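Text of run00.tsv, listed as TSV, C-alpha atoms and all ligand atoms:
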chain	number	residue	atom	x	y	z
D	1	MET	CA	28.79	17.26	-18.80
D	2	PRO	CA	27.64	15.44	-15.63
D	3	ALA	CA	29.71	12.46	-14.46
D	4	SER	CA	28.13	9.12	-15.28
D	5	PRO	CA	26.36	7.37	-12.40
D	6	ILE	CA	28.23	4.62	-10.53
D	7	TYR	CA	25.27	2.22	-10.87
D	8	LYS	CA	23.45	1.15	-14.02
D	9	ARG	CA	20.53	-0.62	-12.31
D	10	VAL	CA	19.34	-0.19	-8.73
D	11	LEU	CA	16.50	-1.38	-6.54
D	12	LEU	CA	15.13	1.31	-4.24
D	13	LYS	CA	13.23	0.15	-1.15
D	14	LEU	CA	10.85	2.83	0.10
D	15	SER	CA	8.93	2.11	3.27
D	16	GLY	CA	5.31	3.13	3.33
D	17	GLU	CA	6.17	5.34	6.27
D	18	ALA	CA	8.52	7.35	4.06
D	19	LEU	CA	5.39	8.64	2.28
D	20	MET	CA	3.67	9.82	5.49
D	21	GLY	CA	5.84	12.85	6.14
D	22	ASP	CA	4.86	14.11	9.58
D	23	ASP	CA	1.32	12.72	9.33
D	24	ALA	CA	0.15	9.83	11.54
D	25	PHE	CA	-0.66	7.62	8.53
D	26	GLY	CA	-1.56	7.86	4.86
D	27	ILE	CA	0.21	9.68	2.03
D	28	ASN	CA	1.52	13.20	2.41
D	29	ARG	CA	1.40	15.00	-0.93
D	30	ALA	CA	4.39	17.30	-0.40
D	31	THR	CA	6.48	14.36	0.83
D	32	ILE	CA	5.71	12.11	-2.14
D	33	GLU	CA	6.45	15.00	-4.52
D	34	ARG	CA	9.82	15.61	-2.87
D	35	ILE	CA	10.75	11.92	-3.08
D	36	VAL	CA	9.70	11.76	-6.73
D	37	ALA	CA	11.80	14.86	-7.50
D	38	ASP	CA	14.82	13.06	-6.03
D	39	ILE	CA	14.02	9.95	-8.07
D	40	ALA	CA	13.68	12.08	-11.23
D	41	GLU	CA	17.27	13.33	-10.83
D	42	VAL	CA	18.52	9.74	-10.84
D	43	VAL	CA	16.37	8.66	-13.77
D	44	GLN	CA	17.69	11.62	-15.76
D	45	LEU	CA	21.23	10.34	-15.20
D	46	GLY	CA	20.24	7.19	-17.11
D	47	THR	CA	20.27	4.83	-14.12
D	48	GLN	CA	17.64	2.07	-14.39
D	49	LEU	CA	15.50	2.27	-11.28
D	50	ALA	CA	13.06	-0.22	-9.79
D	51	VAL	CA	11.17	0.50	-6.57
D	52	VAL	CA	9.75	-1.82	-3.95
D	53	ILE	CA	7.20	0.09	-1.92
D	54	GLY	CA	6.07	-0.79	1.60
D	55	GLY	CA	2.67	-0.38	3.15
D	56	GLY	CA	3.21	0.57	6.79
D	57	ASN	CA	1.54	3.98	6.37
D	58	ILE	CA	-1.71	2.45	5.09
D	59	PHE	CA	-1.67	-0.52	7.42
D	60	ARG	CA	-1.30	1.74	10.48
D	61	GLY	CA	-4.61	3.31	9.58
D	62	VAL	CA	-6.38	-0.06	9.75
D	63	ALA	CA	-4.25	-1.73	12.43
D	64	GLY	CA	-6.99	-1.36	15.06
D	65	GLY	CA	-9.41	-3.32	12.92
D	66	ALA	CA	-6.77	-5.92	12.10
D	67	ALA	CA	-5.98	-6.64	15.75
D	68	GLY	CA	-6.93	-10.20	16.64
D	69	MET	CA	-7.09	-11.28	13.00
D	70	ASP	CA	-5.19	-14.29	11.79
D	71	ARG	CA	-1.71	-13.36	10.66
D	72	ALA	CA	-2.07	-14.36	7.01
D	73	THR	CA	-5.21	-12.26	6.52
D	74	ALA	CA	-3.56	-9.24	8.14
D	75	ASP	CA	-0.53	-9.76	5.89
D	76	TYR	CA	-2.71	-9.82	2.77
D	77	MET	CA	-4.21	-6.53	3.97
D	78	GLY	CA	-0.68	-5.18	4.32
D	79	MET	CA	0.13	-6.26	0.77
D	80	LEU	CA	-2.98	-4.51	-0.53
D	81	GLY	CA	-1.77	-1.39	1.31
D	82	THR	CA	1.43	-1.43	-0.75
D	83	MET	CA	-0.71	-1.30	-3.90
D	84	ILE	CA	-2.33	1.96	-2.76
D	85	ASN	CA	1.15	3.45	-2.32
D	86	ALA	CA	2.35	2.05	-5.64
D	87	LEU	CA	-0.49	3.71	-7.54
D	88	ALA	CA	0.10	7.03	-5.76
D	89	LEU	CA	3.80	6.82	-6.58
D	90	GLN	CA	3.13	5.93	-10.22
D	91	ASP	CA	0.78	8.89	-10.55
D	92	ALA	CA	3.23	11.32	-8.90
D	93	MET	CA	5.98	10.07	-11.22
D	94	ARG	CA	3.86	10.52	-14.32
D	95	GLN	CA	3.04	14.08	-13.26
D	96	THR	CA	6.78	14.75	-13.14
D	97	GLY	CA	7.26	13.25	-16.61
D	98	ILE	CA	8.72	9.92	-15.44
D	99	GLU	CA	7.24	6.86	-17.14
D	100	ALA	CA	6.42	4.29	-14.51
D	101	ARG	CA	4.80	0.86	-14.47
D	102	VAL	CA	3.37	-0.90	-11.45
D	103	GLN	CA	3.82	-4.66	-11.35
D	104	SER	CA	1.96	-6.55	-8.66
D	105	ALA	CA	2.86	-9.84	-6.98
D	106	LEU	CA	-0.89	-10.40	-6.45
D	107	ARG	CA	-3.17	-10.41	-9.51
D	108	MET	CA	-5.00	-7.09	-9.85
D	109	ASP	CA	-5.34	-6.90	-13.60
D	110	GLN	CA	-7.56	-3.83	-13.69
D	111	VAL	CA	-5.03	-1.66	-11.87
D	112	ALA	CA	-1.56	-3.06	-12.55
D	113	GLU	CA	0.45	-5.50	-14.61
D	114	PRO	CA	1.21	-8.80	-12.92
D	115	TYR	CA	4.83	-9.29	-11.92
D	116	ILE	CA	6.62	-10.74	-14.94
D	117	ARG	CA	10.38	-10.67	-14.60
D	118	PRO	CA	11.37	-10.34	-18.29
D	119	ARG	CA	8.78	-7.64	-18.79
D	120	ALA	CA	10.09	-5.72	-15.77
D	121	ILE	CA	13.60	-5.88	-17.22
D	122	HIS	CA	12.27	-4.75	-20.61
D	123	HIS	CA	10.65	-1.69	-18.98
D	124	LEU	CA	13.86	-0.85	-17.14
D	125	LYS	CA	15.90	-1.05	-20.33
D	126	ALA	CA	13.38	1.30	-21.96
D	127	GLY	CA	14.02	3.86	-19.21
D	128	LYS	CA	10.78	3.27	-17.30
D	129	VAL	CA	10.68	3.03	-13.54
D	130	VAL	CA	9.15	-0.24	-12.38
D	131	ILE	CA	7.27	-0.14	-9.09
D	132	PHE	CA	6.87	-3.55	-7.49
D	133	ALA	CA	3.69	-3.78	-5.42
D	134	ALA	CA	2.25	-6.42	-3.07
D	135	GLY	CA	5.64	-7.43	-1.70
D	136	THR	CA	6.55	-11.01	-2.44
D	137	GLY	CA	2.86	-11.95	-2.77
D	138	ASN	CA	3.17	-14.19	0.29
D	139	PRO	CA	2.18	-13.66	3.92
D	140	PHE	CA	4.87	-13.93	6.62
D	141	PHE	CA	7.29	-11.84	4.55
D	142	THR	CA	8.09	-8.14	4.45
D	143	THR	CA	8.71	-5.66	1.68
D	144	ASP	CA	12.40	-5.65	2.71
D	145	THR	CA	12.48	-9.28	1.64
D	146	ALA	CA	10.61	-8.34	-1.55
D	147	ALA	CA	13.33	-5.73	-2.19
D	148	ALA	CA	16.08	-8.34	-1.78
D	149	LEU	CA	14.18	-10.83	-3.95
D	150	ARG	CA	13.31	-8.45	-6.79
D	151	GLY	CA	16.74	-6.85	-6.59
D	152	ALA	CA	18.36	-10.25	-7.12
D	153	GLU	CA	15.88	-11.20	-9.87
D	154	ILE	CA	16.41	-8.08	-11.98
D	155	GLY	CA	20.18	-8.10	-11.48
D	156	ALA	CA	20.31	-4.83	-9.54
D	157	GLU	CA	23.83	-3.84	-8.46
D	158	VAL	CA	22.62	-2.58	-5.10
D	159	VAL	CA	19.54	-2.35	-2.89
D	160	LEU	CA	19.12	1.24	-1.72
D	161	LYS	CA	17.20	1.11	1.52
D	162	ALA	CA	15.65	4.45	2.30
D	163	THR	CA	15.16	5.07	6.03
D	164	ARG	CA	14.70	8.03	8.35
D	165	VAL	CA	18.31	7.77	9.58
D	166	ASP	CA	21.25	8.56	7.30
D	167	GLY	CA	22.97	5.20	7.64
D	168	VAL	CA	23.89	2.47	10.09
D	169	TYR	CA	25.33	3.70	13.40
D	170	SER	CA	27.50	1.99	16.02
D	171	ALA	CA	24.66	2.67	18.52
D	172	ASP	CA	21.30	4.43	18.46
D	173	PRO	CA	22.31	8.05	17.66
D	174	LYS	CA	19.27	9.36	19.54
D	175	ARG	CA	20.42	7.67	22.78
D	176	ALA	CA	24.21	7.64	22.38
D	177	PRO	CA	25.57	11.03	21.27
D	178	THR	CA	28.99	9.47	20.54
D	179	ALA	CA	27.54	6.94	18.09
D	180	SER	CA	29.27	7.09	14.72
D	181	ARG	CA	28.01	6.26	11.26
D	182	TYR	CA	29.65	3.43	9.35
D	183	ALA	CA	30.53	4.50	5.79
D	184	MET	CA	30.93	0.80	4.92
D	185	ILE	CA	30.53	-2.42	6.83
D	186	ARG	CA	30.67	-6.09	5.86
D	187	PHE	CA	27.57	-8.26	6.16
D	188	ASP	CA	29.34	-10.52	8.66
D	189	GLU	CA	30.40	-7.63	10.84
D	190	ALA	CA	26.87	-6.18	10.83
D	191	ILE	CA	25.61	-9.57	12.07
D	192	GLN	CA	28.34	-9.86	14.71
D	193	ARG	CA	27.55	-6.40	16.03
D	194	ASN	CA	23.83	-7.14	15.88
D	195	LEU	CA	23.16	-4.02	13.79
D	196	GLN	CA	19.57	-3.84	12.58
D	197	VAL	CA	19.78	-3.10	8.86
D	198	MET	CA	16.73	-4.93	7.56
D	199	ASP	CA	14.83	-8.03	8.60
D	200	ALA	CA	16.84	-11.24	8.88
D	201	THR	CA	15.31	-12.97	5.83
D	202	ALA	CA	16.00	-9.97	3.59
D	203	PHE	CA	19.51	-9.57	5.00
D	204	ALA	CA	20.38	-13.24	4.48
D	205	LEU	CA	19.08	-13.16	0.90
D	206	CYS	CA	21.18	-10.10	0.03
D	207	ARG	CA	24.27	-11.67	1.57
D	208	ASP	CA	23.76	-15.02	-0.19
D	209	GLN	CA	23.17	-13.29	-3.52
D	210	LYS	CA	26.17	-10.97	-3.01
D	211	LEU	CA	23.84	-8.02	-3.38
D	212	PRO	CA	25.15	-4.97	-1.50
D	213	VAL	CA	22.74	-2.80	0.48
D	214	ARG	CA	23.10	0.92	1.01
D	215	VAL	CA	21.10	2.45	3.84
D	216	PHE	CA	20.48	6.18	3.43
D	217	SER	CA	18.10	8.90	4.57
D	218	ILE	CA	15.10	9.62	2.39
D	219	ASN	CA	14.62	12.87	4.29
D	220	LYS	CA	17.91	14.29	3.01
D	221	THR	CA	17.14	16.02	-0.28
D	222	GLY	CA	19.50	14.98	-3.09
D	223	ALA	CA	20.89	11.96	-1.21
D	224	LEU	CA	19.95	9.54	-4.02
D	225	LYS	CA	21.80	11.64	-6.57
D	226	ARG	CA	24.86	11.87	-4.33
D	227	ILE	CA	24.88	8.06	-4.08
D	228	MET	CA	24.88	7.87	-7.89
D	229	ASP	CA	27.79	10.32	-7.94
D	230	GLY	CA	29.77	7.96	-5.67
D	231	GLN	CA	29.77	10.34	-2.71
D	232	ASP	CA	29.92	9.27	0.95
D	233	GLU	CA	26.22	8.93	1.69
D	234	GLY	CA	24.65	6.55	4.19
D	235	THR	CA	26.21	3.14	4.85
D	236	LEU	CA	27.21	0.49	2.33
D	237	ILE	CA	26.84	-3.09	3.55
D	238	HIS	CA	29.00	-5.32	1.42
D	239	LEU	CA	30.55	-8.81	1.32
Z	1	LIG	N1	3.58	-8.13	3.56
Z	1	LIG	C1	3.49	-9.50	3.38
Z	1	LIG	N2	4.31	-10.12	2.46
Z	1	LIG	C2	5.24	-9.43	1.74
Z	1	LIG	C3	5.34	-8.04	1.94
Z	1	LIG	C4	4.51	-7.41	2.85
Z	1	LIG	O1	2.67	-10.15	4.00
Z	1	LIG	O2	5.94	-10.04	0.93
Z	1	LIG	C5	2.64	-7.46	4.47
Z	1	LIG	C6	3.05	-7.52	5.93
Z	1	LIG	O3	1.86	-7.62	6.70
Z	1	LIG	C7	3.67	-6.17	6.17
Z	1	LIG	C8	2.84	-5.26	5.26
Z	1	LIG	O4	2.53	-6.09	4.14
Z	1	LIG	O5	3.57	-5.78	7.51
Z	1	LIG	C9	3.50	-4.00	4.81
Z	1	LIG	O6	4.83	-4.27	4.41
Z	1	LIG	P1	6.08	-3.71	5.24
Z	1	LIG	O7	5.81	-3.79	6.70
Z	1	LIG	O8	7.29	-4.38	4.73
Z	1	LIG	O9	6.05	-2.19	4.80
Z	1	LIG	P2	6.97	-0.97	5.28
Z	1	LIG	O10	7.27	-1.19	6.75
Z	1	LIG	O11	8.20	-1.03	4.46
Z	1	LIG	O12	6.15	0.24	5.01
When written as structure tokens, how does the structure in this file appear?
Amino acid sequence: MPASPIYKRVLLKLSGEALMGDDAFGINRATIERIVADIAEVVQLGTQLAVVIGGGNIFRGVAGGAAGMDRATADYMGMLGTMINALALQDAMRQTGIEARVQSALRMDQVAEPYIRPRAIHHLKAGKVVIFAAGTGNPFFTTDTAAALRGAEIGAEVVLKATRVDGVYSADPKRAPTASRYAMIRFDEAIQRNLQVMDATAFALCRDQKLPVRVFSINKTGALKRIMDGQDEGTLIHL
């Protein structure tokens, strides 16, 4: 009998770049399948999982054309990029037998439900994964802020921020070989030490809402499951 997971409801923030694998931009099939396999393990434990997906991998492909554009227009393009990823993720989940629903912060009725908080919670309670697309729906924000916002709205116990590094380090581990990983660190200490966990708006929202953040590596197979088992994985930022 497997141990029960330490969290009942979590918000997973996946950057668009997590879906690229080693490609320069776009979606790498093997990478998305590996990430979905990791997500499936957590869903099978009975944890309610919502995902906020970024768009950096799509936006990179059009960045040349966006150069010189006004910021708000470029940001709407970025939000549309997250929708491409959300649909790919939903499809990959369905192929693995996970029921998933995309909810969009921008109206796109032919391809996704609009974001409706009670409906998102209803899906989660029914064991479906909810994928939040189009960030917050507003320019000048990031999908990290969308993760903090949606996490707070749905009453997630933690925001799991998937990155390429397996936690928050005392210094850049690539440049400082003696850098050590924090297993846990308080929000205030992370600010004092000027550690870059997520953008400042997202970070402030999590701290104000007393919503812990765990930074972990999406490239480490099984890391999500180990978090659910309460093992020492990544870095927990807490109050
Ligand atoms: N974006 C936005 N408002 C939001 C979320 C995202 O305008 O609430 C835009 C912004 O241009 C951003 C892009 O969408 O650069 C992609 O999001 P993000 O950079 O957060 O994606 P990630 O880096 O996680 O892949």
Contacts of Lys8 in chain D at 7 Å (all atoms listed in the file; same-chain gap of 2+ positions) as a PyMOL selection string
chain D and resi 6+10+47-48
Which residues come within 9 Å of range 214-227 of chain D, counting only C-alpha atoms, excluding same-chain residues fewer than 6 positions away, as a PyMOL selection string?
chain D and resi 5-7+14+18+21+31+34-35+37-39+41-42+45+158-168+184+197+233-238
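With distances restricted to all atoms listed in the file, D:Thr142 is the closest residue to ligand LIG 1 (chain Z) from D:Thr201, D:Thr178, D:Gln209, D:Thr142.
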8 Å shell around ligand LIG 1 (chain Z) using all atoms listed in the file, listed as a PyMOL selection string:
chain D and resi 13-18+53-57+59+71-72+74-82+134-146
Taking 4 positions as the minimum chain separation for residues in the same chain, which residues sit within 7 Å of Tyr169 in chain D when counting all atoms listed in the file? Answer as a ChimeraX atom specification.
/D:173,179-182
So which residues are close to (16.5, -8.6, -6.8), meaning at most 9 Å away in the file's coordinates with only C-alpha atoms counted, and can you show them as a ChimeraX atom specification?
/D:11,146-159,206,209,211
Restricting it to C-alpha atoms, dump the selection as a compact mmCIF listing (two decimals), in the coordinates of the input.
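New file out_29.txt:
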# COMPACT_ATOMS: atom_id res chain seq x y z
CA LEU D 11 16.50 -1.38 -6.54
CA ALA D 146 10.61 -8.34 -1.55
CA ALA D 147 13.33 -5.73 -2.19
CA ALA D 148 16.08 -8.34 -1.78
CA LEU D 149 14.18 -10.83 -3.95
CA ARG D 150 13.31 -8.45 -6.79
CA GLY D 151 16.74 -6.85 -6.59
CA ALA D 152 18.36 -10.25 -7.12
CA GLU D 153 15.88 -11.20 -9.87
CA ILE D 154 16.41 -8.08 -11.98
CA GLY D 155 20.18 -8.10 -11.48
CA ALA D 156 20.31 -4.83 -9.54
CA GLU D 157 23.83 -3.84 -8.46
CA VAL D 158 22.62 -2.58 -5.10
CA VAL D 159 19.54 -2.35 -2.89
CA CYS D 206 21.18 -10.10 0.03
CA GLN D 209 23.17 -13.29 -3.52
CA LEU D 211 23.84 -8.02 -3.38
Separation of CA of Gln231 in chain D from CA of Ala202 in chain D in Å
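It comes out at 25.3 Å.
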Point out the residue among D:Arg9, D:Arg186, D:Lys174, D:Arg107 with the least atom-to-atom distance to Val130 in chain D, counting all atoms listed in the file.
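So, comparing all the options, the nearest one is D:Arg9.
In this structure, CA of Ala190 in chain D sits 9.7 Å away from CA of Ser170 in chain D.
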Env of His123 in chain D: 12 Å cut, atoms = all atoms listed in the file, seq-sep filter 2 positions within chain, self excluded. Answer as a PyMOL selection string.
chain D and resi 9+48-50+99-103+113+115-121+125-131+154
I'd like to know which of D:Val52, D:Ile58, D:Val43, D:Ala92 is closest to Met20 in chain D, using only C-alpha atoms.
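Smallest distance to Met20 in chain D is found for D:Ile58.
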Please indicate the distance in Å from CA of Glu189 in chain D to CA of Arg207 in chain D, rounded to one decimal place.
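So the answer is 11.8 Å.
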